[in-house]
Amino acid sequence: MESVPAVFAGTVFGLFGAGLLAWTGARTAHREPVAYGARPVTSVVIAAGALALAVWCFGQI
């Protein structure tokens with residue numbers, strides 16, 4: 001029962017990180033800005049951090 005929050009948090013972080021990484025890749029491939037005023041490097045770092053948190057959460061199970 002204690003692993004349910006870790007699974008939920010890991011899933012949320014994993015989906016957010018994967019979605020942001022896919023969005024960044026698609027926008028960069030079309031040579032369009034990821035977000036107004038944001039650099040692609042910043043988005044990749046945030047996405048990698050979210051995926052690292054997902055791995056950590058799933059490792060706590």
# chains A, B, ... in the order shown; residues from 1 in each chain; ligands from 1
$ residues_around --residues "Ala6 in chain A" --least-positions-apart "4" --cutoff "8 Å" --atoms "only C-alpha atoms" --output "MDAnalysis selection string"
chainID A and resid 2 10 57:58 60:61
$ residues_around --residues "Ala22 in chain A" --least-positions-apart "4" --cutoff "12 Å" --atoms "only C-alpha atoms" --output "MDAnalysis selection string"
chainID A and resid 15:18 26:29 34 40 43:44 47:48
$ atom_distance --atom1 "CA of Leu51 in chain A" --atom2 "CA of Arg31 in chain A"
24.3 Å
$ closest_residue --among "A:Leu21, A:Thr11, A:Thr42, A:Val4" --to "Trp56 in chain A" --atoms "only C-alpha atoms"
A:Thr11
$ select_by_dssp --residues "chain A" --states "alpha helix (DSSP H)" --output "ChimeraX atom specification"
/A:4-29,40-59
$ closest_residue --among "A:Leu53, A:Val12, A:Thr24, A:Pro5" --to "Arg39 in chain A" --atoms "only C-alpha atoms"
A:Thr24
$ atom_distance --atom1 "CA of Ala54 in chain A" --atom2 "CA of His30 in chain A"
28.3 Å
$ atom_distance --atom1 "CA of Phe8 in chain A" --atom2 "CA of Ala52 in chain A"
14.8 Å
$ decode --residues "range 8-23 of chain A" --atoms "all heavy atoms" --output "mmCIF file, in the first residue's frame"
data_model
loop_
_atom_site.group_PDB
_atom_site.id
_atom_site.type_symbol
_atom_site.label_atom_id
_atom_site.label_comp_id
_atom_site.auth_asym_id
_atom_site.auth_seq_id
_atom_site.Cartn_x
_atom_site.Cartn_y
_atom_site.Cartn_z
ATOM 1 N N PHE A 8 2.361 6.307 -8.600
ATOM 2 C CA PHE A 8 1.651 7.449 -9.175
ATOM 3 C C PHE A 8 2.620 8.568 -9.547
ATOM 4 O O PHE A 8 2.575 9.100 -10.660
ATOM 5 C CB PHE A 8 0.599 7.974 -8.185
ATOM 6 C CG PHE A 8 -0.128 9.189 -8.679
ATOM 7 C CD1 PHE A 8 -1.083 9.078 -9.674
ATOM 8 C CD2 PHE A 8 0.161 10.440 -8.174
ATOM 9 C CE1 PHE A 8 -1.753 10.201 -10.151
ATOM 10 C CE2 PHE A 8 -0.501 11.569 -8.635
ATOM 11 C CZ PHE A 8 -1.459 11.447 -9.628
ATOM 12 N N ALA A 9 3.498 8.940 -8.622
ATOM 13 C CA ALA A 9 4.462 10.018 -8.884
ATOM 14 C C ALA A 9 5.405 9.634 -10.017
ATOM 15 O O ALA A 9 5.722 10.457 -10.882
ATOM 16 C CB ALA A 9 5.245 10.346 -7.627
ATOM 17 N N GLY A 10 5.869 8.395 -10.033
ATOM 18 C CA GLY A 10 6.751 7.941 -11.104
ATOM 19 C C GLY A 10 6.077 7.992 -12.462
ATOM 20 O O GLY A 10 6.695 8.382 -13.459
ATOM 21 N N THR A 11 4.814 7.629 -12.503
ATOM 22 C CA THR A 11 4.064 7.675 -13.756
ATOM 23 C C THR A 11 3.881 9.112 -14.233
ATOM 24 O O THR A 11 4.056 9.411 -15.423
ATOM 25 C CB THR A 11 2.689 7.005 -13.585
ATOM 26 O OG1 THR A 11 2.892 5.660 -13.139
ATOM 27 C CG2 THR A 11 1.904 7.001 -14.864
ATOM 28 N N VAL A 12 3.554 10.003 -13.312
ATOM 29 C CA VAL A 12 3.364 11.413 -13.677
ATOM 30 C C VAL A 12 4.668 12.016 -14.185
ATOM 31 O O VAL A 12 4.698 12.674 -15.229
ATOM 32 C CB VAL A 12 2.807 12.212 -12.481
ATOM 33 C CG1 VAL A 12 2.863 13.705 -12.746
ATOM 34 C CG2 VAL A 12 1.390 11.771 -12.172
ATOM 35 N N PHE A 13 5.755 11.794 -13.456
ATOM 36 C CA PHE A 13 7.048 12.334 -13.884
ATOM 37 C C PHE A 13 7.477 11.724 -15.218
ATOM 38 O O PHE A 13 8.022 12.414 -16.080
ATOM 39 C CB PHE A 13 8.129 12.075 -12.837
ATOM 40 C CG PHE A 13 8.081 13.015 -11.671
ATOM 41 C CD1 PHE A 13 8.076 12.525 -10.379
ATOM 42 C CD2 PHE A 13 8.057 14.381 -11.856
ATOM 43 C CE1 PHE A 13 8.041 13.383 -9.293
ATOM 44 C CE2 PHE A 13 8.023 15.254 -10.782
ATOM 45 C CZ PHE A 13 8.007 14.749 -9.487
ATOM 46 N N GLY A 14 7.247 10.428 -15.397
ATOM 47 C CA GLY A 14 7.619 9.764 -16.644
ATOM 48 C C GLY A 14 6.847 10.298 -17.839
ATOM 49 O O GLY A 14 7.422 10.559 -18.898
ATOM 50 N N LEU A 15 5.545 10.463 -17.676
ATOM 51 C CA LEU A 15 4.733 10.982 -18.778
ATOM 52 C C LEU A 15 5.086 12.425 -19.099
ATOM 53 O O LEU A 15 5.179 12.807 -20.269
ATOM 54 C CB LEU A 15 3.246 10.869 -18.427
ATOM 55 C CG LEU A 15 2.665 9.470 -18.446
ATOM 56 C CD1 LEU A 15 1.222 9.486 -17.941
ATOM 57 C CD2 LEU A 15 2.721 8.885 -19.838
ATOM 58 N N PHE A 16 5.304 13.246 -18.066
ATOM 59 C CA PHE A 16 5.676 14.635 -18.298
ATOM 60 C C PHE A 16 7.027 14.727 -18.995
ATOM 61 O O PHE A 16 7.187 15.458 -19.972
ATOM 62 C CB PHE A 16 5.715 15.410 -16.979
ATOM 63 C CG PHE A 16 6.229 16.809 -17.138
ATOM 64 C CD1 PHE A 16 5.444 17.792 -17.709
ATOM 65 C CD2 PHE A 16 7.510 17.145 -16.734
ATOM 66 C CE1 PHE A 16 5.912 19.081 -17.871
ATOM 67 C CE2 PHE A 16 7.993 18.432 -16.894
ATOM 68 C CZ PHE A 16 7.196 19.405 -17.463
ATOM 69 N N GLY A 17 8.007 13.975 -18.514
ATOM 70 C CA GLY A 17 9.340 14.012 -19.108
ATOM 71 C C GLY A 17 9.346 13.523 -20.544
ATOM 72 O O GLY A 17 9.961 14.133 -21.415
ATOM 73 N N ALA A 18 8.637 12.426 -20.797
ATOM 74 C CA ALA A 18 8.589 11.893 -22.159
ATOM 75 C C ALA A 18 7.845 12.840 -23.094
ATOM 76 O O ALA A 18 8.267 13.058 -24.238
ATOM 77 C CB ALA A 18 7.914 10.522 -22.152
ATOM 78 N N GLY A 19 6.758 13.428 -22.622
ATOM 79 C CA GLY A 19 6.005 14.370 -23.436
ATOM 80 C C GLY A 19 6.806 15.624 -23.760
ATOM 81 O O GLY A 19 6.803 16.104 -24.895
ATOM 82 N N LEU A 20 7.503 16.149 -22.756
ATOM 83 C CA LEU A 20 8.310 17.343 -22.983
ATOM 84 C C LEU A 20 9.471 17.054 -23.921
ATOM 85 O O LEU A 20 9.807 17.872 -24.778
ATOM 86 C CB LEU A 20 8.826 17.900 -21.657
ATOM 87 C CG LEU A 20 9.637 19.191 -21.728
ATOM 88 C CD1 LEU A 20 8.814 20.304 -22.363
ATOM 89 C CD2 LEU A 20 10.100 19.595 -20.342
ATOM 90 N N LEU A 21 10.067 15.883 -23.782
ATOM 91 C CA LEU A 21 11.167 15.511 -24.673
ATOM 92 C C LEU A 21 10.668 15.346 -26.103
ATOM 93 O O LEU A 21 11.323 15.795 -27.052
ATOM 94 C CB LEU A 21 11.817 14.218 -24.171
ATOM 95 C CG LEU A 21 13.229 13.934 -24.610
ATOM 96 C CD1 LEU A 21 14.165 15.073 -24.219
ATOM 97 C CD2 LEU A 21 13.705 12.641 -23.985
ATOM 98 N N ALA A 22 9.499 14.743 -26.280
ATOM 99 C CA ALA A 22 8.927 14.588 -27.626
ATOM 100 C C ALA A 22 8.567 15.949 -28.223
ATOM 101 O O ALA A 22 8.830 16.206 -29.405
ATOM 102 C CB ALA A 22 7.693 13.691 -27.568
ATOM 103 N N TRP A 23 7.977 16.825 -27.411
ATOM 104 C CA TRP A 23 7.619 18.165 -27.881
ATOM 105 C C TRP A 23 8.860 18.942 -28.296
ATOM 106 O O TRP A 23 8.884 19.585 -29.349
ATOM 107 C CB TRP A 23 6.865 18.908 -26.786
ATOM 108 C CG TRP A 23 6.572 20.335 -27.102
ATOM 109 C CD1 TRP A 23 7.240 21.420 -26.653
ATOM 110 C CD2 TRP A 23 5.552 20.825 -27.956
ATOM 111 N NE1 TRP A 23 6.686 22.564 -27.159
ATOM 112 C CE2 TRP A 23 5.642 22.226 -27.966
ATOM 113 C CE3 TRP A 23 4.552 20.218 -28.712
ATOM 114 C CZ2 TRP A 23 4.776 23.017 -28.706
ATOM 115 C CZ3 TRP A 23 3.696 21.027 -29.440
ATOM 116 C CH2 TRP A 23 3.815 22.401 -29.437
#
